[in-house]
file model-v5.pdb (PDB, C-alpha atoms, pLDDT in the B column)
ATOM      1  CA  MET W   1     -14.045 -50.595  -2.737  1.00 87.00           C
ATOM      2  CA  LYS W   2     -15.960 -47.414  -3.555  1.00 89.00           C
ATOM      3  CA  GLN W   3     -17.898 -47.630  -0.288  1.00 93.00           C
ATOM      4  CA  LEU W   4     -14.680 -48.059   1.695  1.00 92.00           C
ATOM      5  CA  LEU W   5     -13.157 -44.929   0.155  1.00 87.00           C
ATOM      6  CA  GLN W   6     -16.370 -43.019   0.810  1.00 90.00           C
ATOM      7  CA  ARG W   7     -16.339 -44.072   4.484  1.00 91.00           C
ATOM      8  CA  ILE W   8     -12.685 -43.055   4.856  1.00 86.00           C
ATOM      9  CA  LYS W   9     -13.439 -39.658   3.307  1.00 83.00           C
ATOM     10  CA  GLN W  10     -16.388 -39.128   5.657  1.00 87.00           C
ATOM     11  CA  TRP W  11     -14.280 -40.118   8.677  1.00 87.00           C
ATOM     12  CA  LEU W  12     -11.484 -37.742   7.683  1.00 81.00           C
ATOM     13  CA  SER W  13     -13.871 -34.857   7.087  1.00 79.00           C
ATOM     14  CA  ARG W  14     -15.184 -35.163  10.657  1.00 84.00           C
ATOM     15  CA  LEU W  15     -11.770 -34.351  12.122  1.00 85.00           C
ATOM     16  CA  SER W  16     -11.043 -30.816  13.338  1.00 88.00           C
ATOM     17  CA  PHE W  17      -9.453 -27.927  11.459  1.00 88.00           C
ATOM     18  CA  LYS W  18      -6.422 -28.057  13.752  1.00 90.00           C
ATOM     19  CA  THR W  19      -5.893 -31.747  12.984  1.00 90.00           C
ATOM     20  CA  GLY W  20      -6.076 -30.944   9.269  1.00 89.00           C
ATOM     21  CA  ILE W  21      -3.389 -28.294   9.619  1.00 92.00           C
ATOM     22  CA  ILE W  22      -1.127 -30.707  11.512  1.00 93.00           C
ATOM     23  CA  VAL W  23      -1.588 -33.486   8.959  1.00 92.00           C
ATOM     24  CA  LEU W  24      -1.083 -31.065   6.073  1.00 92.00           C
ATOM     25  CA  SER W  25       2.103 -29.686   7.619  1.00 94.00           C
ATOM     26  CA  LEU W  26       3.514 -33.213   7.953  1.00 94.00           C
ATOM     27  CA  CYS W  27       3.893 -33.389   4.179  1.00 94.00           C
ATOM     28  CA  ILE W  28       6.692 -30.787   4.257  1.00 96.00           C
ATOM     29  CA  PRO W  29       9.315 -32.907   6.068  1.00 96.00           C
ATOM     30  CA  PHE W  30       8.501 -35.908   3.896  1.00 96.00           C
ATOM     31  CA  TYR W  31       8.954 -33.861   0.709  1.00 95.00           C
ATOM     32  CA  LEU W  32      12.303 -32.634   2.041  1.00 96.00           C
ATOM     33  CA  LEU W  33      13.388 -36.129   3.029  1.00 95.00           C
ATOM     34  CA  SER W  34      12.343 -37.613  -0.306  1.00 94.00           C
ATOM     35  CA  PHE W  35      14.793 -35.367  -2.126  1.00 92.00           C
ATOM     36  CA  ALA W  36      17.474 -35.053   0.568  1.00 94.00           C
ATOM     37  CA  GLN W  37      18.012 -38.818   0.671  1.00 92.00           C
ATOM     38  CA  MET W  38      19.485 -38.585  -2.836  1.00 91.00           C
ATOM     39  CA  ALA W  39      22.684 -37.295  -1.216  1.00 92.00           C
ATOM     40  CA  LEU W  40      23.131 -40.511   0.778  1.00 90.00           C
ATOM     41  CA  PRO W  41      25.922 -42.863  -0.334  1.00 94.00           C
ATOM     42  CA  ILE W  42      23.635 -45.836  -1.093  1.00 93.00           C
ATOM     43  CA  SER W  43      22.761 -47.749  -4.259  1.00 95.00           C
ATOM     44  CA  ALA W  44      20.480 -46.327  -6.907  1.00 94.00           C
ATOM     45  CA  GLY W  45      17.886 -49.025  -6.227  1.00 94.00           C
ATOM     46  CA  ALA W  46      17.741 -48.134  -2.542  1.00 94.00           C
ATOM     47  CA  LYS W  47      17.484 -44.425  -3.394  1.00 95.00           C
ATOM     48  CA  SER W  48      14.597 -45.156  -5.755  1.00 95.00           C
ATOM     49  CA  ALA W  49      12.769 -47.217  -3.150  1.00 95.00           C
ATOM     50  CA  LEU W  50      13.276 -44.553  -0.481  1.00 95.00           C
ATOM     51  CA  TRP W  51      12.097 -41.844  -2.855  1.00 95.00           C
ATOM     52  CA  VAL W  52       8.917 -43.731  -3.740  1.00 96.00           C
ATOM     53  CA  ILE W  53       8.117 -44.414  -0.070  1.00 96.00           C
ATOM     54  CA  LEU W  54       8.887 -40.903   1.208  1.00 96.00           C
ATOM     55  CA  PHE W  55       7.234 -39.105  -1.702  1.00 96.00           C
ATOM     56  CA  GLY W  56       4.193 -41.355  -1.331  1.00 96.00           C
ATOM     57  CA  LEU W  57       3.952 -40.494   2.354  1.00 96.00           C
ATOM     58  CA  ALA W  58       4.227 -36.790   1.527  1.00 96.00           C
ATOM     59  CA  LYS W  59       1.376 -37.036  -0.979  1.00 96.00           C
ATOM     60  CA  THR W  60      -0.702 -39.092   1.468  1.00 94.00           C
ATOM     61  CA  PHE W  61      -0.325 -36.445   4.179  1.00 95.00           C
ATOM     62  CA  GLN W  62      -1.036 -33.682   1.661  1.00 94.00           C
ATOM     63  CA  TYR W  63      -4.263 -35.173   0.340  1.00 92.00           C
ATOM     64  CA  GLY W  64      -5.317 -36.411   3.778  1.00 90.00           C
ATOM     65  CA  GLY W  65      -4.862 -32.933   5.228  1.00 90.00           C
ATOM     66  CA  LEU W  66      -6.799 -31.337   2.395  1.00 89.00           C
ATOM     67  CA  THR W  67      -9.601 -33.862   2.859  1.00 87.00           C
ATOM     68  CA  ILE W  68      -9.754 -33.094   6.577  1.00 87.00           C
ATOM     69  CA  LEU W  69      -9.808 -29.344   5.936  1.00 87.00           C
ATOM     70  CA  GLY W  70     -12.378 -29.481   3.177  1.00 86.00           C
ATOM     71  CA  ALA W  71     -13.316 -26.545   0.983  1.00 83.00           C
ATOM     72  CA  GLU W  72     -14.237 -24.286   3.903  1.00 86.00           C
ATOM     73  CA  GLY W  73     -11.001 -25.033   5.733  1.00 85.00           C
ATOM     74  CA  VAL W  74      -8.926 -24.195   2.663  1.00 85.00           C
ATOM     75  CA  LYS W  75     -10.801 -20.878   2.332  1.00 88.00           C
ATOM     76  CA  ARG W  76     -10.153 -20.182   6.019  1.00 87.00           C
ATOM     77  CA  LEU W  77      -6.459 -20.939   5.566  1.00 84.00           C
ATOM     78  CA  LYS W  78      -6.237 -18.620   2.532  1.00 86.00           C
ATOM     79  CA  ARG W  79      -7.903 -15.808   4.489  1.00 87.00           C
ATOM     80  CA  PHE W  80      -5.368 -16.296   7.283  1.00 85.00           C
ATOM     81  CA  PHE W  81      -2.405 -15.958   4.914  1.00 83.00           C
ATOM     82  CA  LYS W  82      -3.913 -12.932   3.148  1.00 86.00           C
ATOM     83  CA  ARG W  83      -4.396 -11.221   6.510  1.00 80.00           C
ATOM     84  CA  GLU W  84      -0.776 -11.984   7.467  1.00 69.00           C
ATOM     85  CA  LYS W  85       0.565 -10.325   4.308  1.00 68.00           C
ATOM     86  CA  LYS W  86      -1.371  -7.098   4.968  1.00 66.00           C
ATOM     87  CA  THR W  87       0.105  -6.592   8.447  1.00 58.00           C
TER      88      THR W  87
END
call {"tool": "encode", "arguments": {"input": "model-v5.pdb", "output": "structure tokens"}}
result
Amino acid sequence: MKQLLQRIKQWLSRLSFKTGIIVLSLCIPFYLLSFAQMALPISAGAKSALWVILFGLAKTFQYGGLTILGAEGVKRLKRFFKREKKT
């Protein structure tokens, strides 16, 4: 199991910076959907199941995107946002 996770991490880290940004940005709609579905007129059990699925997908995209970006990609992203605030 440990080898499988290591291979997945290596495969994800080979993807491009742009792909990492896209995957990371996909977590936003899933976070919104996970909480917005609470307003639907459905049973509490269905709401719980939807929340677990949607919140799990949001976390998966978040951690997948961060794995793709890596430490250098996160630093690059921080520099981009710092530069945007100055202008």
call {"tool": "resolve_selection", "arguments": {"input": "model-v5.pdb", "expression": "the PyMOL selection byres ((chain W and resi 22-39) around 10)", "output": "ChimeraX atom specification"}}
result
/W:17-21,40-44,46-48,50-69
call {"tool": "write_last_selection", "arguments": {"input": "model-v5.pdb", "atoms": "C-alpha atoms", "output": "CSV table (one decimal), in the frame of the given file"}}
result
chain,number,residue,atom,x,y,z
W,17,PHE,CA,-9.5,-27.9,11.5
W,18,LYS,CA,-6.4,-28.1,13.8
W,19,THR,CA,-5.9,-31.7,13.0
W,20,GLY,CA,-6.1,-30.9,9.3
W,21,ILE,CA,-3.4,-28.3,9.6
W,40,LEU,CA,23.1,-40.5,0.8
W,41,PRO,CA,25.9,-42.9,-0.3
W,42,ILE,CA,23.6,-45.8,-1.1
W,43,SER,CA,22.8,-47.7,-4.3
W,44,ALA,CA,20.5,-46.3,-6.9
W,46,ALA,CA,17.7,-48.1,-2.5
W,47,LYS,CA,17.5,-44.4,-3.4
W,48,SER,CA,14.6,-45.2,-5.8
W,50,LEU,CA,13.3,-44.6,-0.5
W,51,TRP,CA,12.1,-41.8,-2.9
W,52,VAL,CA,8.9,-43.7,-3.7
W,53,ILE,CA,8.1,-44.4,-0.1
W,54,LEU,CA,8.9,-40.9,1.2
W,55,PHE,CA,7.2,-39.1,-1.7
W,56,GLY,CA,4.2,-41.4,-1.3
W,57,LEU,CA,4.0,-40.5,2.4
W,58,ALA,CA,4.2,-36.8,1.5
W,59,LYS,CA,1.4,-37.0,-1.0
W,60,THR,CA,-0.7,-39.1,1.5
W,61,PHE,CA,-0.3,-36.4,4.2
W,62,GLN,CA,-1.0,-33.7,1.7
W,63,TYR,CA,-4.3,-35.2,0.3
W,64,GLY,CA,-5.3,-36.4,3.8
W,65,GLY,CA,-4.9,-32.9,5.2
W,66,LEU,CA,-6.8,-31.3,2.4
W,67,THR,CA,-9.6,-33.9,2.9
W,68,ILE,CA,-9.8,-33.1,6.6
W,69,LEU,CA,-9.8,-29.3,5.9
call {"tool": "atom_distance", "arguments": {"input": "model-v5.pdb", "atom1": "atom CA of W:Lys75", "atom2": "atom CA of W:Gln3"}}
result
27.8 Å
call {"tool": "atom_distance", "arguments": {"input": "model-v5.pdb", "atom1": "atom CA of W:Ala71", "atom2": "atom CA of W:Lys2"}}
result
21.5 Å
call {"tool": "atom_distance", "arguments": {"input": "model-v5.pdb", "atom1": "atom CA of W:Lys82", "atom2": "atom CA of W:Lys9"}}
result
28.4 Å
